[in-house]
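Just input.cif here, mmCIF, C-alpha atoms and all ligand atoms:
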```
data_my_file
loop_
_atom_site.label_atom_id
_atom_site.label_comp_id
_atom_site.auth_asym_id
_atom_site.auth_seq_id
_atom_site.Cartn_x
_atom_site.Cartn_y
_atom_site.Cartn_z
CA MET Y 221 -43.70 -54.33 -41.81
CA ALA Y 222 -43.00 -55.58 -38.27
CA GLU Y 223 -41.43 -52.38 -37.11
CA ILE Y 224 -41.23 -51.69 -33.37
CA ILE Y 225 -41.60 -48.07 -32.34
CA VAL Y 226 -41.13 -46.99 -28.74
CA GLU Y 227 -41.97 -43.35 -28.00
CA HIS Y 228 -41.05 -41.62 -24.74
CA ALA Y 229 -41.50 -44.77 -22.67
CA THR Y 230 -41.07 -44.29 -18.92
CA LYS Y 231 -41.53 -46.79 -16.12
CA SER Y 232 -40.72 -46.42 -12.42
CA PHE Y 233 -40.56 -48.86 -9.54
CA GLY Y 234 -41.01 -47.31 -6.09
CA GLY Y 235 -40.23 -43.82 -7.39
CA LYS Y 236 -37.05 -44.89 -9.21
CA ARG Y 237 -37.08 -44.71 -12.99
CA ALA Y 238 -36.17 -48.07 -14.53
CA ILE Y 239 -36.60 -46.65 -18.05
CA ASP Y 240 -36.59 -42.94 -18.60
CA ASP Y 241 -38.12 -41.32 -21.70
CA VAL Y 242 -36.88 -44.04 -24.06
CA SER Y 243 -37.59 -43.55 -27.77
CA LEU Y 244 -36.38 -46.19 -30.19
CA THR Y 245 -37.30 -47.62 -33.57
CA VAL Y 246 -36.38 -51.16 -34.61
CA SER Y 247 -36.81 -51.56 -38.37
CA ASP Y 248 -38.54 -54.46 -40.05
CA GLY Y 249 -36.20 -57.49 -40.03
CA GLU Y 250 -33.54 -55.70 -38.01
CA PHE Y 251 -31.53 -57.36 -35.23
CA LEU Y 252 -31.17 -54.74 -32.50
CA VAL Y 253 -29.16 -55.51 -29.39
CA LEU Y 254 -30.07 -53.73 -26.17
CA LEU Y 255 -26.84 -53.49 -24.18
CA GLY Y 256 -26.03 -52.11 -20.76
CA PRO Y 257 -24.85 -52.97 -17.27
CA SER Y 258 -26.97 -54.92 -14.82
CA GLY Y 259 -29.95 -52.91 -13.59
CA CYS Y 260 -29.90 -50.32 -16.40
CA GLY Y 261 -33.47 -51.15 -17.48
CA LYS Y 262 -32.99 -53.53 -20.43
CA THR Y 263 -35.41 -56.19 -19.22
CA THR Y 264 -37.96 -53.58 -18.17
CA LEU Y 265 -37.95 -52.15 -21.70
CA LEU Y 266 -38.19 -55.59 -23.31
CA ARG Y 267 -41.03 -56.62 -21.00
CA ALA Y 268 -42.89 -53.41 -21.81
CA ILE Y 269 -42.62 -54.24 -25.53
CA ALA Y 270 -43.75 -57.81 -24.82
CA GLY Y 271 -46.69 -56.63 -22.72
CA LEU Y 272 -45.44 -58.35 -19.58
CA GLY Y 273 -45.19 -55.01 -17.76
CA LEU Y 274 -46.96 -51.83 -18.80
CA VAL Y 275 -45.20 -48.47 -19.15
CA ASP Y 276 -46.29 -45.56 -16.92
CA SER Y 277 -46.24 -43.22 -19.90
CA GLY Y 278 -45.27 -43.31 -23.55
CA ARG Y 279 -46.42 -45.37 -26.50
CA ILE Y 280 -45.37 -48.65 -28.07
CA SER Y 281 -46.40 -49.78 -31.52
CA ILE Y 282 -45.65 -52.98 -33.38
CA ASP Y 283 -46.33 -53.36 -37.06
CA GLY Y 284 -48.20 -50.05 -37.13
CA ARG Y 285 -50.58 -51.01 -34.28
CA ASP Y 286 -50.62 -49.25 -30.92
CA VAL Y 287 -49.98 -52.13 -28.49
CA THR Y 288 -49.17 -50.05 -25.41
CA TYR Y 289 -52.00 -51.54 -23.38
CA LEU Y 290 -52.57 -54.85 -25.21
CA PRO Y 291 -51.93 -58.16 -23.42
CA PRO Y 292 -48.88 -60.17 -24.64
CA GLY Y 293 -51.01 -62.65 -26.58
CA ASP Y 294 -52.39 -59.89 -28.80
CA ARG Y 295 -49.02 -58.39 -29.71
CA LYS Y 296 -47.86 -60.97 -32.28
CA ILE Y 297 -44.52 -61.44 -30.58
CA SER Y 298 -42.44 -64.40 -29.38
CA MET Y 299 -40.13 -64.21 -26.42
CA VAL Y 300 -37.12 -66.21 -25.22
CA PHE Y 301 -36.31 -65.77 -21.55
CA GLN Y 302 -33.00 -65.93 -19.71
CA SER Y 303 -34.33 -68.86 -17.70
CA TYR Y 304 -35.66 -70.52 -20.93
CA ALA Y 305 -38.99 -71.09 -19.09
CA ILE Y 306 -39.48 -74.50 -20.69
CA PHE Y 307 -41.41 -77.26 -18.95
CA PRO Y 308 -38.95 -79.89 -17.69
CA HIS Y 309 -41.37 -82.83 -17.67
CA MET Y 310 -43.06 -82.10 -20.99
CA SER Y 311 -41.45 -83.62 -24.10
CA VAL Y 312 -39.39 -81.35 -26.33
CA ARG Y 313 -42.06 -81.78 -29.02
CA ASN Y 314 -44.79 -80.54 -26.69
CA ASN Y 315 -42.60 -77.75 -25.37
CA ILE Y 316 -41.93 -76.43 -28.86
CA GLY Y 317 -45.59 -76.69 -29.82
CA PHE Y 318 -46.83 -75.19 -26.55
CA GLY Y 319 -47.44 -71.64 -27.79
CA LEU Y 320 -49.21 -72.88 -30.90
CA ARG Y 321 -51.48 -75.17 -28.85
CA MET Y 322 -52.41 -72.16 -26.72
CA THR Y 323 -53.57 -70.40 -29.89
CA LYS Y 324 -55.65 -73.52 -30.71
CA ALA Y 325 -53.77 -74.08 -33.96
CA PRO Y 326 -54.72 -77.31 -35.82
CA LYS Y 327 -52.61 -80.39 -35.02
CA GLU Y 328 -51.20 -80.70 -38.57
CA LEU Y 329 -49.94 -77.12 -38.45
CA ILE Y 330 -48.40 -77.65 -35.01
CA ASP Y 331 -46.62 -80.82 -36.18
CA GLU Y 332 -45.32 -79.04 -39.26
CA ARG Y 333 -44.03 -76.01 -37.34
CA VAL Y 334 -42.47 -78.14 -34.58
CA GLY Y 335 -40.67 -80.20 -37.23
CA GLU Y 336 -39.40 -77.09 -39.01
CA ALA Y 337 -38.19 -75.38 -35.84
CA ALA Y 338 -36.50 -78.57 -34.58
CA GLU Y 339 -34.73 -78.93 -37.92
CA LEU Y 340 -33.49 -75.34 -37.84
CA LEU Y 341 -32.07 -75.87 -34.36
CA HIS Y 342 -30.73 -79.36 -35.17
CA ILE Y 343 -32.69 -81.00 -32.36
CA GLU Y 344 -34.92 -83.37 -34.38
CA GLU Y 345 -33.51 -86.38 -32.54
CA LEU Y 346 -34.45 -84.85 -29.18
CA LEU Y 347 -38.16 -84.36 -29.89
CA ASP Y 348 -39.31 -87.19 -27.63
CA ARG Y 349 -36.87 -86.46 -24.81
CA LYS Y 350 -37.69 -84.43 -21.70
CA PRO Y 351 -35.72 -81.22 -21.02
CA SER Y 352 -35.08 -82.41 -17.45
CA ALA Y 353 -32.62 -84.91 -18.96
CA MET Y 354 -30.88 -82.45 -21.28
CA SER Y 355 -27.86 -80.14 -21.19
CA GLY Y 356 -28.09 -76.34 -20.85
CA GLY Y 357 -27.25 -75.87 -24.53
CA GLN Y 358 -29.97 -78.31 -25.61
CA ARG Y 359 -32.54 -76.62 -23.38
CA GLN Y 360 -31.56 -73.29 -24.81
CA ARG Y 361 -32.18 -74.64 -28.31
CA VAL Y 362 -35.62 -75.86 -27.25
CA ALA Y 363 -36.51 -72.41 -25.93
CA VAL Y 364 -35.44 -70.78 -29.20
CA ALA Y 365 -37.25 -73.43 -31.26
CA ARG Y 366 -40.44 -72.78 -29.29
CA ALA Y 367 -40.17 -69.07 -30.05
CA LEU Y 368 -39.46 -69.68 -33.75
CA ALA Y 369 -42.34 -72.17 -34.11
CA MET Y 370 -44.76 -69.31 -33.49
CA LYS Y 371 -43.45 -67.63 -36.66
CA ALA Y 372 -44.05 -64.30 -35.03
CA GLU Y 373 -42.62 -61.38 -36.93
CA VAL Y 374 -41.17 -59.96 -33.72
CA LEU Y 375 -38.76 -61.93 -31.57
CA LEU Y 376 -37.78 -60.64 -28.13
CA MET Y 377 -34.82 -62.34 -26.44
CA ASP Y 378 -33.68 -61.65 -22.89
CA GLU Y 379 -30.08 -62.80 -22.30
CA PRO Y 380 -30.76 -66.19 -23.93
CA LEU Y 381 -27.10 -67.30 -23.70
CA SER Y 382 -26.31 -66.17 -20.19
CA ASN Y 383 -26.79 -69.59 -18.56
CA LEU Y 384 -24.33 -71.34 -20.84
CA ASP Y 385 -20.65 -71.95 -20.19
CA ALA Y 386 -18.13 -69.83 -22.10
CA LEU Y 387 -17.41 -72.27 -24.93
CA LEU Y 388 -21.01 -73.18 -25.60
CA ARG Y 389 -21.90 -69.53 -25.47
CA LEU Y 390 -19.38 -68.82 -28.21
CA GLU Y 391 -20.80 -71.62 -30.38
CA MET Y 392 -24.42 -70.65 -29.79
CA ARG Y 393 -23.67 -67.00 -30.50
CA ALA Y 394 -22.62 -67.80 -34.06
CA GLU Y 395 -25.43 -70.33 -34.48
CA LEU Y 396 -28.08 -67.93 -33.24
CA LYS Y 397 -26.80 -65.21 -35.53
CA ARG Y 398 -27.04 -67.53 -38.56
CA LEU Y 399 -30.48 -68.73 -37.52
CA LEU Y 400 -31.91 -65.29 -36.93
CA SER Y 401 -30.68 -64.04 -40.28
CA GLU Y 402 -32.54 -66.98 -41.87
CA VAL Y 403 -35.88 -66.37 -40.16
CA ASN Y 404 -35.68 -62.62 -40.82
CA ALA Y 405 -37.83 -61.62 -37.83
CA THR Y 406 -37.51 -58.19 -36.25
CA THR Y 407 -35.42 -59.06 -33.20
CA MET Y 408 -34.66 -57.27 -29.96
CA TYR Y 409 -31.95 -59.03 -28.03
CA VAL Y 410 -30.99 -58.05 -24.48
CA THR Y 411 -27.49 -58.65 -23.18
CA HIS Y 412 -24.91 -57.15 -20.85
CA ASP Y 413 -22.14 -58.82 -22.86
CA GLN Y 414 -20.55 -56.26 -25.16
CA ILE Y 415 -18.82 -58.91 -27.29
CA GLU Y 416 -22.20 -60.52 -27.97
CA ALA Y 417 -23.59 -57.11 -28.90
CA LEU Y 418 -20.70 -56.19 -31.19
CA SER Y 419 -20.67 -59.54 -32.95
CA MET Y 420 -24.40 -60.10 -33.39
CA GLY Y 421 -26.29 -56.84 -33.75
CA ASP Y 422 -27.21 -54.87 -36.87
CA ARG Y 423 -27.35 -51.99 -34.40
CA ILE Y 424 -26.67 -51.66 -30.70
CA ALA Y 425 -28.74 -49.55 -28.31
CA VAL Y 426 -26.59 -48.77 -25.27
CA MET Y 427 -28.46 -48.02 -22.04
CA LYS Y 428 -27.41 -46.60 -18.71
CA ASP Y 429 -29.62 -45.79 -15.73
CA GLY Y 430 -32.75 -46.24 -17.84
CA VAL Y 431 -31.59 -43.75 -20.48
CA LEU Y 432 -30.51 -44.62 -24.03
CA GLN Y 433 -26.97 -43.39 -24.62
CA GLN Y 434 -26.42 -44.26 -28.28
CA VAL Y 435 -28.16 -46.33 -30.95
CA GLU Y 436 -25.83 -47.14 -33.81
CA ARG Y 437 -24.10 -49.85 -35.84
CA PRO Y 438 -21.52 -51.83 -33.83
CA SER Y 439 -18.55 -50.30 -35.66
CA VAL Y 440 -19.81 -46.77 -34.97
CA VAL Y 441 -20.50 -47.47 -31.30
CA TYR Y 442 -16.99 -48.89 -31.00
CA GLU Y 443 -15.07 -46.28 -32.98
CA ASN Y 444 -17.16 -43.21 -32.31
CA PRO Y 445 -18.84 -43.61 -28.93
CA ALA Y 446 -21.27 -40.82 -28.12
CA ASN Y 447 -19.84 -40.39 -24.65
CA GLU Y 448 -17.33 -41.62 -22.10
CA PHE Y 449 -19.72 -44.22 -20.69
CA VAL Y 450 -20.16 -45.93 -24.08
CA GLY Y 451 -16.41 -45.84 -24.82
CA GLY Y 452 -15.66 -47.29 -21.40
CA PHE Y 453 -18.37 -49.96 -21.53
CA ILE Y 454 -17.63 -51.28 -25.01
CA GLY Y 455 -14.32 -52.87 -25.95
CA ASN Y 456 -11.88 -55.14 -24.21
CA PRO Y 457 -9.86 -53.41 -22.92
CA PRO Y 458 -12.19 -50.45 -22.61
CA MET Y 459 -11.27 -47.12 -24.19
CA ASN Y 460 -8.41 -45.32 -22.40
CA PHE Y 461 -9.14 -41.94 -20.87
CA LEU Y 462 -6.48 -39.35 -20.08
CA ASP Y 463 -6.92 -35.92 -18.54
CA GLY Y 464 -5.15 -32.92 -19.99
CA VAL Y 465 -5.28 -29.14 -20.38
CA VAL Y 466 -5.77 -27.30 -23.67
CA GLY Y 467 -3.42 -24.48 -24.66
CA CYS Y 468 -3.76 -22.31 -27.76
CA VAL Y 469 -0.70 -20.25 -28.67
CA ASP Y 470 -0.49 -18.26 -31.92
CA GLY Y 471 -3.38 -20.23 -33.36
CA ARG Y 472 -1.74 -23.58 -32.66
CA VAL Y 473 -3.44 -25.95 -30.28
CA SER Y 474 -1.65 -28.34 -28.01
CA VAL Y 475 -2.81 -30.42 -25.08
CA ALA Y 476 -0.67 -30.98 -22.02
CA LEU Y 477 -1.10 -34.56 -20.87
CA ALA Y 478 0.46 -35.17 -17.46
CA GLY Y 479 2.67 -32.14 -18.07
CA GLN Y 480 3.91 -33.35 -21.45
CA PRO Y 481 2.81 -31.13 -24.35
CA MET Y 482 1.22 -32.92 -27.28
CA PRO Y 483 0.74 -30.92 -30.48
CA VAL Y 484 -2.73 -31.48 -31.93
CA GLY Y 485 -3.18 -31.66 -35.68
CA SER Y 486 -6.10 -30.78 -37.88
CA ALA Y 487 -8.67 -32.41 -35.57
CA SER Y 488 -8.33 -29.50 -33.19
CA ALA Y 489 -11.25 -27.26 -34.21
CA ALA Y 490 -13.50 -28.57 -31.43
CA LEU Y 491 -10.81 -27.85 -28.87
CA ASP Y 492 -10.55 -24.08 -29.41
CA ARG Y 493 -13.31 -23.28 -26.95
CA PHE Y 494 -11.51 -25.31 -24.26
CA ASP Y 495 -8.44 -23.03 -24.34
CA GLY Y 496 -6.90 -23.03 -20.85
CA GLN Y 497 -9.40 -25.61 -19.63
CA ALA Y 498 -9.41 -29.29 -18.75
CA ILE Y 499 -10.12 -31.81 -21.49
CA ARG Y 500 -10.26 -35.59 -21.58
CA LEU Y 501 -8.75 -37.72 -24.31
CA GLY Y 502 -10.27 -41.06 -25.30
CA MET Y 503 -8.17 -43.57 -27.23
CA ARG Y 504 -8.48 -47.27 -28.04
CA ALA Y 505 -5.56 -49.51 -27.02
CA GLU Y 506 -4.98 -50.68 -30.60
CA ASN Y 507 -4.88 -47.18 -32.07
CA MET Y 508 -1.66 -45.98 -30.43
CA GLU Y 509 1.81 -46.59 -31.70
CA ALA Y 510 4.51 -47.62 -29.23
CA LEU Y 511 8.13 -46.68 -30.01
CA HIS Y 512 11.42 -47.66 -28.41
CA ALA Y 513 13.03 -44.28 -29.14
CA PRO Y 514 11.89 -40.68 -28.56
CA ALA Y 515 10.07 -38.80 -31.33
CA SER Y 516 8.93 -35.17 -31.43
CA ASP Y 517 5.25 -36.17 -31.63
CA ALA Y 518 5.40 -38.99 -29.06
CA LEU Y 519 4.96 -38.89 -25.27
CA ARG Y 520 7.22 -40.62 -22.79
CA VAL Y 521 5.68 -43.43 -20.71
CA ARG Y 522 6.93 -46.16 -18.43
CA VAL Y 523 5.88 -49.81 -18.68
CA ALA Y 524 4.03 -51.11 -15.60
CA VAL Y 525 2.66 -54.46 -16.80
CA VAL Y 526 3.28 -56.65 -19.86
CA GLU Y 527 0.59 -59.17 -20.81
CA PRO Y 528 1.47 -61.40 -23.80
CA LEU Y 529 -1.89 -62.51 -25.23
CA GLY Y 530 -0.72 -64.50 -28.23
CA SER Y 531 -2.04 -62.37 -31.08
CA GLN Y 532 -0.98 -59.16 -29.29
CA ASN Y 533 0.89 -57.87 -26.29
CA LEU Y 534 -1.16 -55.74 -23.93
CA LEU Y 535 1.00 -53.18 -22.16
CA THR Y 536 -0.09 -51.12 -19.18
CA VAL Y 537 2.02 -47.97 -19.12
CA THR Y 538 1.94 -44.84 -17.00
CA LEU Y 539 2.08 -41.37 -18.42
CA GLY Y 540 3.55 -38.83 -16.01
CA SER Y 541 5.66 -35.68 -16.19
CA ASP Y 542 8.60 -37.42 -14.54
CA GLY Y 543 8.07 -40.62 -16.50
CA THR Y 544 7.74 -42.78 -13.38
CA THR Y 545 4.18 -42.48 -12.13
CA GLY Y 546 1.03 -41.08 -13.67
CA GLN Y 547 -2.16 -41.92 -15.51
CA PRO Y 548 -2.41 -45.57 -16.58
CA LEU Y 549 -2.93 -46.40 -20.21
CA LYS Y 550 -3.38 -49.73 -22.01
CA ILE Y 551 -1.65 -50.17 -25.34
CA SER Y 552 -1.94 -53.12 -27.64
CA THR Y 553 1.21 -53.91 -29.61
CA HIS Y 554 2.34 -56.51 -32.10
CA PRO Y 555 3.46 -59.71 -30.27
CA THR Y 556 7.01 -59.18 -31.50
CA PHE Y 557 7.28 -55.72 -29.90
CA THR Y 558 9.59 -56.12 -26.93
CA ALA Y 559 8.87 -54.37 -23.63
CA SER Y 560 9.71 -55.06 -20.02
CA VAL Y 561 8.44 -53.67 -16.73
CA GLY Y 562 10.13 -50.39 -15.79
CA GLN Y 563 11.28 -49.69 -19.35
CA GLU Y 564 10.72 -46.28 -20.95
CA LEU Y 565 8.73 -46.14 -24.19
CA TRP Y 566 7.28 -43.40 -26.35
CA ILE Y 567 3.76 -43.44 -27.64
CA ARG Y 568 2.17 -41.66 -30.54
CA PHE Y 569 -1.55 -40.76 -30.61
CA PRO Y 570 -2.75 -40.54 -34.24
CA SER Y 571 -4.92 -37.41 -34.19
CA ASP Y 572 -7.72 -38.95 -36.27
CA GLN Y 573 -8.14 -41.67 -33.62
CA ILE Y 574 -8.36 -39.33 -30.64
CA ARG Y 575 -11.81 -38.74 -29.20
CA TRP Y 576 -11.96 -35.49 -27.23
CA ILE Y 577 -14.38 -35.51 -24.33
CA ASP Y 578 -15.88 -32.67 -22.33
CA PRO Y 579 -14.92 -33.76 -18.77
CA GLN Y 580 -17.92 -31.93 -17.29
CA THR Y 581 -20.55 -33.80 -19.31
CA GLY Y 582 -18.70 -36.88 -20.57
CA THR Y 583 -19.89 -36.09 -24.11
CA VAL Y 584 -17.53 -36.77 -27.03
CA LEU Y 585 -16.91 -33.53 -28.95
CA ASP Y 586 -17.60 -33.36 -32.69
CA SER Y 587 -14.30 -33.52 -34.51
P1 LIG E 601 -30.11 -57.29 -15.55
O1 LIG E 601 -29.10 -57.28 -16.67
O2 LIG E 601 -29.46 -57.47 -14.21
O3 LIG E 601 -31.25 -58.19 -15.81
P2 LIG E 601 -31.58 -54.97 -16.46
O4 LIG E 601 -30.77 -53.98 -17.20
O5 LIG E 601 -32.42 -55.89 -17.28
O6 LIG E 601 -30.68 -55.78 -15.45
P3 LIG E 601 -34.05 -54.30 -15.14
O7 LIG E 601 -34.31 -55.71 -14.69
O8 LIG E 601 -34.86 -53.75 -16.21
O9 LIG E 601 -32.49 -54.12 -15.49
O10 LIG E 601 -34.17 -53.36 -13.85
C1 LIG E 601 -34.05 -51.95 -13.92
C2 LIG E 601 -34.26 -51.36 -12.53
O11 LIG E 601 -35.62 -51.56 -12.15
C3 LIG E 601 -33.41 -52.01 -11.47
O12 LIG E 601 -33.05 -51.01 -10.54
C4 LIG E 601 -34.36 -53.02 -10.83
O13 LIG E 601 -34.01 -53.26 -9.50
C5 LIG E 601 -35.68 -52.32 -10.96
N1 LIG E 601 -36.80 -53.28 -11.11
C6 LIG E 601 -37.02 -54.09 -12.16
N2 LIG E 601 -38.15 -54.82 -11.99
C7 LIG E 601 -38.64 -54.47 -10.78
C8 LIG E 601 -39.79 -54.86 -10.01
N3 LIG E 601 -40.66 -55.75 -10.48
N4 LIG E 601 -39.97 -54.28 -8.81
C9 LIG E 601 -39.11 -53.33 -8.33
N5 LIG E 601 -38.01 -52.92 -8.99
C10 LIG E 601 -37.77 -53.47 -10.20
#
```
As structure tokens, how would this structure be written, given the file I've shared?
Amino acid sequence: MAEIIVEHATKSFGGKRAIDDVSLTVSDGEFLVLLGPSGCGKTTLLRAIAGLGLVDSGRISIDGRDVTYLPPGDRKISMVFQSYAIFPHMSVRNNIGFGLRMTKAPKELIDERVGEAAELLHIEELLDRKPSAMSGGQRQRVAVARALAMKAEVLLMDEPLSNLDALLRLEMRAELKRLLSEVNATTMYVTHDQIEALSMGDRIAVMKDGVLQQVERPSVVYENPANEFVGGFIGNPPMNFLDGVVGCVDGRVSVALAGQPMPVGSASAALDRFDGQAIRLGMRAENMEALHAPASDALRVRVAVVEPLGSQNLLTVTLGSDGTTGQPLKISTHPTFTASVGQELWIRFPSDQIRWIDPQTGTVLDS
């Protein structure tokens, strides 16, 4: 059971908290992605789990053992770094076997493990080459092979694809996902790339300013973000946010968005306590319906930008009381939906897709 448990971990640098009271459990065999913007504390947390930097307070256990103060070598983990940290003038074979040689493993075992790892990464033919004469993608494979050769039950990866160009990154993403599902190690994978997180993780832990915001399956993080930060960080385009005011009349709730009243259906219970107050609406671009003609449940907008993207058209529209200026909103439509800049359209917000947000705290309200 190579479960990782982090309890109330805190670490500061020069009085500033890099990770702040982080508690997190990664189950045996799980692939957990740690996602967040640059500087949010992802690497600090990963290094604390690896033993490369100790926490100021809190507890870390791996496989049921308290490892909080153990050196990296005693934690039964393997790590892949952003920089790969492979030795350029040492052969690929020796690079992959490096960790095992450090543990004084017998030569036969090292040869066997190096062969296995090279086969998994499809780099058998490179074993006698030097990384200094290899491409970024090949070096990256060597770094992963070295980590896998250790057969550690816990694999910690810090932005392993970030040095690759976009196409190679796409290829390696799928390859790494296949590979990691085969080796079945408990994996923590750090990235600031939300597409990588959505496509690879069993669960995603989203971090901001050293604080965990949400730890959930990718589909949940995408569809039901815990707060405005998560909705705005995940998704391309990010979630739309619109400000409005709640009005309850005769038991019926409506929200005025840029002066246009929008009746709210059954998902309105959480809104009652905001009667007369500001509210924020969160909505994904693909969840709205654009219409060419007015409808009683649709709001009038004006098209500002049209971006044909092949499989969809991305429209930027503005929602305002006079229909000319106002809050911008991105809507994804079918590629055959016609729209031109300056044109008036009407958009419908399906009530089950609306996420209502408390503008004071940024928290998404329970529906
Ligand atoms: P990135 O994606 O850019 O690598 P990150 O999310 O991994 O960022 P960390 O590297 O963990 O973020 O850094 C978190 C905060 O701690 C940042 O403000 C960073 O400047 C600070 N920090 C990290 N390591 C040190 C250090 N050794 N000394 C001083 N400050 C540090």
Fill in the blank from the handout: Closest of Y:Leu539, Y:Leu381, Y:Ala229, Y:Leu549 to Met459 of chain Y, counting all atoms listed in the file, is Y:Leu549
Problem - Spatial neighbours of Val242 of chain Y, max dist 10 Å, all atoms listed in the file, sep filter under 4 positions, as a list in words - result: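 Near neighbours after the sequence-gap exclusion: Val226, Glu227, His228, Ala229, Thr230, Lys231, Leu265, Gly278, Arg279, Met427, Gly430, Val431, Leu432 and Gln433 of chain Y.
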Practice task
Could you please determine the separation between atom CA of Gly356 of chain Y and atom CA of Leu390 of chain Y in Å, to one decimal place?
Solution key: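 Going from atom CA of Gly356 of chain Y over to atom CA of Leu390 of chain Y, I get 13.7 Å.
Neighbouring residues of Ser352 of chain Y at 9 Å or closer, counting only C-alpha atoms and skipping chain neighbours under 3 positions away, are Y:Phe307, Y:Pro308, Y:His309, Y:Met310, Y:Arg349, Y:Ser355, Y:Arg359.
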Problem - Pick from Y:Tyr409, Y:Phe233, Y:Tyr442, Y:Phe494, whichever lies nearest to ligand LIG 601 (chain E) using all atoms listed in the file - result: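 Selected residue with least distance to ligand LIG 601 (chain E): Y:Phe233.
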Which residues of chain Y come within 10 Å of ligand LIG 601 (chain E), and what is each one's closest atom pair and distance in Å (one decimal), counting all atoms listed in the file, sorted by chain and residue number, as a tab-separated table?
```
residue	atom	partner	partner_atom	distance
Y:Lys231	CA	E:LIG601	O11	8.6
Y:Ser232	CA	E:LIG601	O11	7.2
Y:Phe233	CA	E:LIG601	N5	4.8
Y:Gly234	CA	E:LIG601	C9	6.7
Y:Gly235	CA	E:LIG601	N5	9.5
Y:Lys236	CA	E:LIG601	O11	7.4
Y:Arg237	CA	E:LIG601	O11	7.1
Y:Ala238	CA	E:LIG601	O11	4.3
Y:Ile239	CA	E:LIG601	C1	7.2
Y:Leu254	CA	E:LIG601	O4	9.0
Y:Leu255	CA	E:LIG601	O4	8.0
Y:Gly256	CA	E:LIG601	O4	6.2
Y:Pro257	CA	E:LIG601	O4	6.0
Y:Ser258	CA	E:LIG601	O2	3.6
Y:Gly259	CA	E:LIG601	O9	3.4
Y:Cys260	CA	E:LIG601	O4	3.8
Y:Gly261	CA	E:LIG601	O8	3.2
Y:Lys262	CA	E:LIG601	O4	3.9
Y:Thr263	CA	E:LIG601	O5	3.6
Y:Thr264	CA	E:LIG601	O8	3.7
Y:Leu265	CA	E:LIG601	O8	6.5
Y:Leu266	CA	E:LIG601	O8	8.1
Y:Arg267	CA	E:LIG601	O8	8.3
Y:Ala268	CA	E:LIG601	O8	9.8
Y:Gly273	CA	E:LIG601	N3	8.6
Y:Gln302	CA	E:LIG601	O3	8.8
Y:Asp378	CA	E:LIG601	O5	8.1
Y:Glu379	CA	E:LIG601	O1	7.9
Y:Ser382	CA	E:LIG601	O1	10.0
Y:Val410	CA	E:LIG601	O5	7.7
Y:Thr411	CA	E:LIG601	O1	6.8
Y:His412	CA	E:LIG601	O1	5.9
Y:Asp413	CA	E:LIG601	O1	9.4
Y:Met427	CA	E:LIG601	O4	8.0
Y:Lys428	CA	E:LIG601	O4	8.2
Y:Asp429	CA	E:LIG601	C1	7.8
Y:Gly430	CA	E:LIG601	C1	7.0
```
Practice task
List the neighbours of Asp248 of chain Y out to 10 Å using all atoms listed in the file; skip same-chain residues closer than 3 positions along the sequence, and give me the result as a list in words.
Solution key: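 Non-adjacent residues within range: Met221, Ala222, Glu223, Ile224, Thr245, Phe251, Ile282, Asp283, Glu373, Val374, Asn404, Ala405, Thr406 and Thr407 of chain Y.
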Residues of segment 411-489 of chain Y that approach segment 508-526 of chain Y to 8 Å or less, counting all atoms listed in the file: could you list each one with the shortest pair of atoms and its distance in Å to one decimal, rows by chain and increasing residue number, as a Markdown table?
```
| residue | atom | partner | partner_atom | distance |
| --- | --- | --- | --- | --- |
| Y:Gln480 | CA | Y:Leu519 | CA | 6.8 |
| Y:Met482 | CA | Y:Asp517 | CA | 6.8 |
| Y:Pro483 | CA | Y:Asp517 | CA | 7.0 |
```
Practice task
Could you give me, as number ranges by chain, the residues within 8 Å of Leu252 of chain Y, counting only C-alpha atoms and dropping anything in the same chain fewer than 6 positions from it?
Solution key: Y: 246, 407-409, 421-425
Handout entry: Pick from Y:Leu585, Y:Ile551, Y:Val475, Y:Leu368 nearest to Trp566 of chain Y, counting only C-alpha atoms
Key =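 So, comparing all the options, the nearest one is Y:Ile551.
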Quick one: residues within 9 Å of Ser298 of chain Y, only C-alpha atoms counted, chain neighbours fewer than 4 positions away excluded, as a compact mmCIF listing (two decimals) with C-alpha atoms, in the frame of the given file?
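In the end it all went to part-v3.txt:
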```txt
# COMPACT_ATOMS: atom_id res chain seq x y z
CA ALA Y 270 -43.75 -57.81 -24.82
CA GLY Y 319 -47.44 -71.64 -27.79
CA ARG Y 366 -40.44 -72.78 -29.29
CA ALA Y 367 -40.17 -69.07 -30.05
CA LEU Y 368 -39.46 -69.68 -33.75
CA MET Y 370 -44.76 -69.31 -33.49
CA LYS Y 371 -43.45 -67.63 -36.66
CA ALA Y 372 -44.05 -64.30 -35.03
CA GLU Y 373 -42.62 -61.38 -36.93
CA VAL Y 374 -41.17 -59.96 -33.72
CA LEU Y 375 -38.76 -61.93 -31.57
CA LEU Y 376 -37.78 -60.64 -28.13
CA MET Y 377 -34.82 -62.34 -26.44
```
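Using only C-alpha atoms, the smallest distance between any of Y:Arg568, Y:Arg504, Y:Lys296, Y:Arg575 and Ala446 of chain Y comes from Y:Arg575.
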Practice task
Take atom CA of Leu491 of chain Y and atom CA of Gly546 of chain Y and report the distance between them in Å, one decimal.
Solution key: 23.4 Å
Practice task
Could you jot down the atom CA of Thr556 of chain Y to atom CA of Thr536 of chain Y separation for me, Å, one decimal place?
Solution key: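 Result for atom CA of Thr556 of chain Y versus atom CA of Thr536 of chain Y: 16.3 Å, one decimal.
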Handout entry: Nearest to Glu448 of chain Y by atom-to-atom distance, counting all atoms listed in the file, from Y:Ala305, Y:Ala369, Y:Leu462, Y:Val275
Key = Y:Leu462
